[in-house]
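Right, one structure below, let's go through it.
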Amino acid sequence: MAAAQAQVNVRLAPPRDQPGRLRHRVESHASLLTAPVRPALMVLQAGSGLVLLLVSLNVGWLFAARGRRLRQTFATLRALGATTSQVLVTHLASAACMVAVAAPCAVLIGWGLLQLSLTLESGVFSRTAAPAVTGHVMTVALVATALTGAASCLPGAVAVARQRGSLDDRTRAATRGRWDHGLMVVQAGLVFALGAQSVLVALVLQSLVRTNVGFMKTDYLVVKVAPRSSATVDADVQIARYKTLVGQLQREGIRAAAVSNFPLSGSEHSRTFEPLRSPPQGRAMVRLRAVTPSYFRLTGVAATRGRLLTEGDAGSRSMVVNDAFLASVLPSETELGRRVGREYEWTVVGVTRPVRHHSVHEEIRPEAYVLFDDLGSTSASLAMHEGVSVLAETSRGVPATLQIIRTAVADQMPEFTIRSATPVLDVIRGHMGRERLVTAGAVVFAGISLLLAALGLYARVSQGLALQGREIGIRMALGATVRRIALESARPVGLVYAAGVGVGTALLLLTLSATRAVMVPPPGGAYPPLWALAATSAAVLLAAFAAACWRPIRAAMRVEPADSLRAE
């Protein structure tokens, strides 16, 4: 890159007699290719790192708890002459068994997430590259599992190796909970932040899908019909064939329409509807869509002013435009009326809601709808060179509707073929691959982290109350009520929850800008308020805490003093 930059600087250096320099920049091809998905992948990478941290914290706490629970066993081994290395190996053997059991599960989870990302069609990699990517995913899953197990068990193993306590040193083991509480607060904060982020991206994605590109209805099938590669068909003949196909479908009870270039299909035909301007002003390029009158009813595109095109407008050169068209082509006109174009005279009869062509976030461009009958020979050939999209409602089901269309195309248009057939919702979702990938990753990571936190909290509370069984029995024998025992057992959990919400709020504020850079609401939309995200995440976290602590606290409330003292 440095050599390329140096060469460009030399070659683009201006002559001595010409002041000024050309602006230039050298970028790698790889960076240009990965630029659209790099922010999304970075967010997912951060989410996976947080989940890995949660796993390490939980596994590490469980190993430490296991070491405290087996204090008598390790003390007995030392009394019988076992060395520190032997005790350490005994503790590490359980970690090796855990890794051996977890490795296949990690491979299965990695393979499942890989298939999920392929299903989302996010554009990160193609299905042809899936075998090579699968190998990398499996390798990373195995290495991450091994490293997590090793990093999680080492602190507990070192603590076990340094133990010098007596056989009945239970009081000190029961009171060493400050470090555990700190870990639980960190876990609760991470879960809170991940949960709030997942709610944010889910709401933004839902808003994007609802907004799509401007259609009010999305219950129809988009079928791309085009001449075969070996067929040569006149543009006027194509128009007649498409109209015949739509008419046959409507006679069979299927609402259908045709459009020359359907949004999100990749094709686009632009032209000018104005005289030439001076060079500094340039021209207003307008997206031209040739449609049948049923197109507006099927897609739900409504008129904000004037009216839509009807069958009676055939041959009258009427058109329906959007506000961007009026602003750029007819800036001096205040009412709908005639405008002398470069080739023909068109009558603007209505103004519609804006429809974007390539994405939801696209800037609104001038747009005009005309009937197929009003296309000139030149315009018709330009609009038909990639075929026409036939839209058909799917009230009979997608397979049945598609079979009827195939039969109609074979009967009426033998020299034409169906290139693709996709429900319009799938077309829209396919152009939101990055947003869907981020949403799926955020929801999966938030769910996994919530489950891990609940399991860790359940284990911690269960062991803590079990170690306090003698104390609870004595207090109940001295007259403590069940309600008081329940409140005092739940008090540490409540403090952990409150501290976790505070830590999670701080993490949310620190990471919110990164998520908003990836998930952008549709034009005219807004992000959900911060208090709503925090309240939703806090409620979900509170439910997880309650579910995890219900059974241990309930068991503590049912302790019989006599049985507890007899067991001790």
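Within each chain, counting starts at residue 1; across the structure tokens, chains are named A, B, ... in the order shown, with ligands numbered 1 upward in that order.
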
Please tabulate, as a Markdown table, the residues of segment 394-498 of chain A that come within 9 Å of segment 348-359 of chain A, each with its closest pair of atoms and the distance in Å to one decimal, counting only C-alpha atoms and ordering rows by chain, then residue number upward.
```
| residue | atom | partner | partner_atom | distance |
| --- | --- | --- | --- | --- |
| A:Ile428 | CA | A:Ser359 | CA | 8.5 |
| A:His431 | CA | A:Ser359 | CA | 6.8 |
| A:Met432 | CA | A:Ser359 | CA | 8.2 |
```

Could you give me, as a tab-separated table, a per-residue list for segment 414-474 of chain A showing, wherever an atom lies at most 8 Å from an atom of segment 197-220 of chain A, the closest pair of atoms and their distance in Å to one decimal, using only C-alpha atoms and sorting by chain then residue number from low to high?
```
residue	atom	partner	partner_atom	distance
A:Pro423	CA	A:Tyr220	CA	6.1
A:Val424	CA	A:Thr218	CA	5.9
A:Leu425	CA	A:Thr218	CA	6.1
A:Ile428	CA	A:Asn212	CA	6.2
A:Arg429	CA	A:Val209	CA	7.2
A:Glu435	CA	A:Leu205	CA	6.6
A:Arg436	CA	A:Leu205	CA	7.0
A:Val438	CA	A:Val201	CA	7.4
A:Thr439	CA	A:Val201	CA	5.5
A:Ala442	CA	A:Ser198	CA	4.9
A:Val443	CA	A:Ser198	CA	5.3
A:Ala446	CA	A:Ser198	CA	6.6
```

Could the residues in this selection be written to a file with N, CA and C atoms, as an mmCIF file, in the first residue's frame?
```cif
data_model
loop_
_atom_site.group_PDB
_atom_site.id
_atom_site.type_symbol
_atom_site.label_atom_id
_atom_site.label_comp_id
_atom_site.auth_asym_id
_atom_site.auth_seq_id
_atom_site.Cartn_x
_atom_site.Cartn_y
_atom_site.Cartn_z
ATOM 1 N N PRO A 423 -41.544 -14.399 -3.186
ATOM 2 C CA PRO A 423 -42.476 -13.523 -2.467
ATOM 3 C C PRO A 423 -41.822 -12.173 -2.179
ATOM 4 N N VAL A 424 -42.612 -11.124 -2.232
ATOM 5 C CA VAL A 424 -42.042 -9.785 -2.108
ATOM 6 C C VAL A 424 -41.398 -9.574 -0.734
ATOM 7 N N LEU A 425 -41.933 -10.227 0.321
ATOM 8 C CA LEU A 425 -41.299 -10.100 1.630
ATOM 9 C C LEU A 425 -39.896 -10.680 1.629
ATOM 10 N N ILE A 428 -37.624 -8.188 -0.020
ATOM 11 C CA ILE A 428 -37.279 -7.087 0.881
ATOM 12 C C ILE A 428 -36.285 -7.547 1.937
ATOM 13 N N ARG A 429 -36.533 -8.724 2.539
ATOM 14 C CA ARG A 429 -35.628 -9.219 3.574
ATOM 15 C C ARG A 429 -34.251 -9.528 3.018
ATOM 16 N N GLU A 435 -28.713 -6.135 8.464
ATOM 17 C CA GLU A 435 -29.531 -5.843 9.638
ATOM 18 C C GLU A 435 -30.087 -7.126 10.260
ATOM 19 N N ARG A 436 -30.506 -8.078 9.421
ATOM 20 C CA ARG A 436 -31.033 -9.341 9.945
ATOM 21 C C ARG A 436 -29.946 -10.145 10.632
ATOM 22 N N VAL A 438 -27.250 -8.933 12.171
ATOM 23 C CA VAL A 438 -26.978 -8.298 13.456
ATOM 24 C C VAL A 438 -28.087 -8.606 14.457
ATOM 25 N N THR A 439 -29.341 -8.563 14.011
ATOM 26 C CA THR A 439 -30.458 -8.843 14.912
ATOM 27 C C THR A 439 -30.417 -10.276 15.409
ATOM 28 N N ALA A 442 -27.572 -10.629 17.889
ATOM 29 C CA ALA A 442 -27.855 -9.969 19.170
ATOM 30 C C ALA A 442 -28.861 -10.770 19.997
ATOM 31 N N VAL A 443 -29.909 -11.272 19.355
ATOM 32 C CA VAL A 443 -30.919 -12.038 20.087
ATOM 33 C C VAL A 443 -30.333 -13.349 20.602
ATOM 34 N N ALA A 446 -27.904 -12.541 23.453
ATOM 35 C CA ALA A 446 -28.640 -12.124 24.651
ATOM 36 C C ALA A 446 -29.319 -13.316 25.323
#
```

### Counting only C-alpha atoms, the option among A:Phe192, A:Gly525, A:Ile485, A:Leu44 closest to Ala544 of chain A
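Going through A:Phe192, A:Gly525, A:Ile485, A:Leu44 one by one, the smallest distance to Ala544 of chain A is for A:Phe192.
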
### Task
Find the spatial neighbours of Ser489 of chain A, counting only C-alpha atoms, within a cut-off of 8 Å - ignore same-chain residues fewer than 3 positions away - and output them as a PyMOL selection string.
chain A and resi 465+485-486+492-493+553

## Note on the structure
Min atom-atom distance to Pro104 of chain A from the set A:Ala75, A:Leu142, A:Ala548, A:Leu50, counting only C-alpha atoms, belongs to A:Leu142

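The space between atom CA of Ala392 of chain A and atom CA of Ser270 of chain A spans 25.3 Å.
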